[in-house]
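Shown next: query-v3.txt, containing compact mmCIF, C-alpha atoms.
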```
# COMPACT_ATOMS: atom_id res chain seq x y z
CA MET K 199 -6.48 14.30 0.12
CA THR K 200 -5.90 16.86 2.80
CA ASP K 201 -2.45 18.07 3.80
CA GLU K 202 -2.93 16.24 7.11
CA GLU K 203 -3.62 12.96 5.30
CA ILE K 204 -0.61 13.41 3.02
CA ASP K 205 1.64 14.11 6.02
CA ALA K 206 0.22 11.09 7.88
CA LEU K 207 1.13 8.70 5.06
CA GLU K 208 4.77 8.79 6.14
CA ASP K 209 4.09 7.36 9.62
CA PRO K 210 1.77 4.38 10.16
CA ALA K 211 1.53 5.35 13.84
CA THR K 212 -0.53 8.40 12.78
CA TRP K 213 -2.98 6.52 10.55
CA GLU K 214 -5.43 5.74 13.39
CA ALA K 215 -6.06 9.42 14.06
CA VAL K 216 -6.33 10.48 10.42
CA PHE K 217 -7.85 7.66 8.35
CA ASP K 218 -10.98 5.53 8.68
CA ALA K 219 -10.76 1.74 9.01
CA ARG K 220 -11.04 1.04 5.27
CA ALA K 221 -8.32 3.54 4.36
CA ARG K 222 -6.06 2.12 7.07
CA GLY K 223 -6.71 -1.38 5.72
CA ALA K 224 -5.76 -0.33 2.20
CA LEU K 225 -2.60 1.37 3.47
CA THR K 226 -1.67 -1.65 5.57
CA LEU K 227 -2.14 -3.96 2.58
CA THR K 228 -0.01 -1.63 0.46
CA ASP K 229 2.81 -1.74 3.00
CA ALA K 230 2.53 -5.52 3.26
CA MET K 231 2.62 -6.01 -0.51
CA CYS K 232 5.41 -3.53 -1.24
CA GLY K 233 7.72 -3.64 1.74
CA PRO K 234 10.30 -6.11 2.99
CA GLY K 235 8.91 -9.57 3.67
CA SER K 236 6.13 -9.06 1.15
CA HIS K 237 6.00 -12.74 0.24
CA GLU K 238 3.52 -13.61 3.02
CA LEU K 239 0.63 -11.60 4.46
CA ASP K 240 -0.07 -11.62 8.20
CA SER K 241 -3.07 -13.84 9.06
CA ALA K 242 -4.61 -11.25 11.41
CA MET K 243 -4.41 -8.64 8.66
CA ILE K 244 -6.11 -11.04 6.23
CA ILE K 245 -9.02 -11.50 8.63
CA GLU K 246 -9.33 -7.75 9.17
CA LEU K 247 -9.22 -6.99 5.44
CA ARG K 248 -11.87 -9.62 4.72
CA ASP K 249 -14.11 -7.88 7.28
CA LEU K 250 -13.53 -4.47 5.71
CA PHE K 251 -13.73 -5.26 1.99
CA THR K 252 -15.68 -7.51 -0.36
CA GLU K 253 -13.81 -10.06 -2.47
CA GLU K 254 -14.20 -7.80 -5.50
CA GLU K 255 -12.77 -4.82 -3.59
CA LEU K 256 -9.84 -6.90 -2.36
CA ALA K 257 -9.12 -8.10 -5.90
CA GLU K 258 -9.14 -4.49 -7.10
CA LEU K 259 -6.83 -3.38 -4.28
CA ILE K 260 -4.41 -6.22 -5.01
CA LEU K 261 -4.25 -5.33 -8.70
CA VAL K 262 -3.94 -1.56 -8.19
CA ILE K 263 -1.31 -1.89 -5.45
CA GLY K 264 0.63 -4.46 -7.47
CA GLN K 265 0.55 -2.34 -10.62
CA ALA K 266 1.65 0.79 -8.76
CA ASN K 267 4.49 -1.16 -7.15
CA LEU K 268 5.58 -2.57 -10.51
CA ASN K 269 5.47 0.87 -12.12
CA ASN K 270 7.52 2.36 -9.30
CA ARG K 271 10.17 -0.37 -9.37
CA ALA K 272 10.38 -0.37 -13.16
CA GLY K 273 10.63 3.42 -13.20
CA ASN K 274 13.42 3.38 -10.63
CA ALA K 275 15.37 0.78 -12.62
CA ALA K 276 14.85 2.69 -15.88
CA LYS K 277 16.14 5.93 -14.34
CA GLN K 278 19.26 4.19 -13.07
CA LEU K 279 19.95 2.19 -16.21
CA LEU K 280 18.92 4.69 -18.87
CA GLY K 281 20.55 7.92 -17.89
CA GLU K 282 19.81 9.31 -14.44
CA GLY K 283 21.84 6.81 -12.44
CA PRO K 284 25.54 6.97 -11.56
CA SER K 285 27.96 6.69 -14.45
CA ALA K 286 29.98 3.51 -14.87
```
Just give me the structure of the file as structure tokens.
Amino acid sequence: MTDEEIDALEDPATWEAVFDARARGALTLTDAMCGPGSHELDSAMIIELRDLFTEEELAELILVIGQANLNNRAGNAAKQLLGEGPSA
């Protein structure tokens, strides 16, 4: 990734200028799966993602995003519970 792409990750408003449609779709799915309200995907986003990716690609994205999210959340909990968090 370029420095510009890394910087753009922080602000979805900049994605249009920096990333192609498929990259934006993957980032949007990541936000939808990992952010607040992640229990239901937006129907317009589903239609767009189905136009951008094959079923196999979507399955891969779902698994990779889900695994990364799980690893991040488990890592955060482990840090807090096993030594790097505030003392009781």
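Minimum atom-to-atom distances from K:Ala221, K:Asn267, K:Leu250, K:Ile204 to Gly233 of chain K were compared using only C-alpha atoms, and the lowest value belongs to K:Asn267.
In this model, the gap between atom CA of Leu247 of chain K and atom CA of Gly223 of chain K comes to 6.2 Å.
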Which residues are close to Ala257 of chain K, i.e. within 12 Å by only C-alpha atoms, leaving aside same-chain residues fewer than 5 positions away? Reply as a ChimeraX atom specification. /K:224,227,247-248,251-252,262-264
Within-12 Å shell of (-8.9, 2.3, 5.8) in input frame, all atoms listed in the file, as an NGL selection string: :K and (203 or 207 or 210 or 213-228 or 246-247 or 249-251 or 259)
Counting all atoms listed in the file, select every polymer residue within 12 Å of (7.7, 0.5, -4.1) as defined in the file's coordinates, and provide the selection as a PDB file with C-alpha atoms, keeping the file's coordinate frame.
```pdb
ATOM      1  CA  THR K 228      -0.010  -1.630   0.460  1.00  0.00           C
ATOM      2  CA  ASP K 229       2.810  -1.740   3.000  1.00  0.00           C
ATOM      3  CA  ALA K 230       2.530  -5.520   3.260  1.00  0.00           C
ATOM      4  CA  MET K 231       2.620  -6.010  -0.510  1.00  0.00           C
ATOM      5  CA  CYS K 232       5.410  -3.530  -1.240  1.00  0.00           C
ATOM      6  CA  GLY K 233       7.720  -3.640   1.740  1.00  0.00           C
ATOM      7  CA  PRO K 234      10.300  -6.110   2.990  1.00  0.00           C
ATOM      8  CA  SER K 236       6.130  -9.060   1.150  1.00  0.00           C
ATOM      9  CA  ILE K 263      -1.310  -1.890  -5.450  1.00  0.00           C
ATOM     10  CA  GLY K 264       0.630  -4.460  -7.470  1.00  0.00           C
ATOM     11  CA  GLN K 265       0.550  -2.340 -10.620  1.00  0.00           C
ATOM     12  CA  ALA K 266       1.650   0.790  -8.760  1.00  0.00           C
ATOM     13  CA  ASN K 267       4.490  -1.160  -7.150  1.00  0.00           C
ATOM     14  CA  LEU K 268       5.580  -2.570 -10.510  1.00  0.00           C
ATOM     15  CA  ASN K 269       5.470   0.870 -12.120  1.00  0.00           C
ATOM     16  CA  ASN K 270       7.520   2.360  -9.300  1.00  0.00           C
ATOM     17  CA  ARG K 271      10.170  -0.370  -9.370  1.00  0.00           C
ATOM     18  CA  ALA K 272      10.380  -0.370 -13.160  1.00  0.00           C
ATOM     19  CA  GLY K 273      10.630   3.420 -13.200  1.00  0.00           C
ATOM     20  CA  ASN K 274      13.420   3.380 -10.630  1.00  0.00           C
ATOM     21  CA  ALA K 275      15.370   0.780 -12.620  1.00  0.00           C
TER      22      ALA K 275
END
```
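The spacing separating atom CA of Glu238 of chain K from atom CA of Glu255 of chain K amounts to 19.7 Å.
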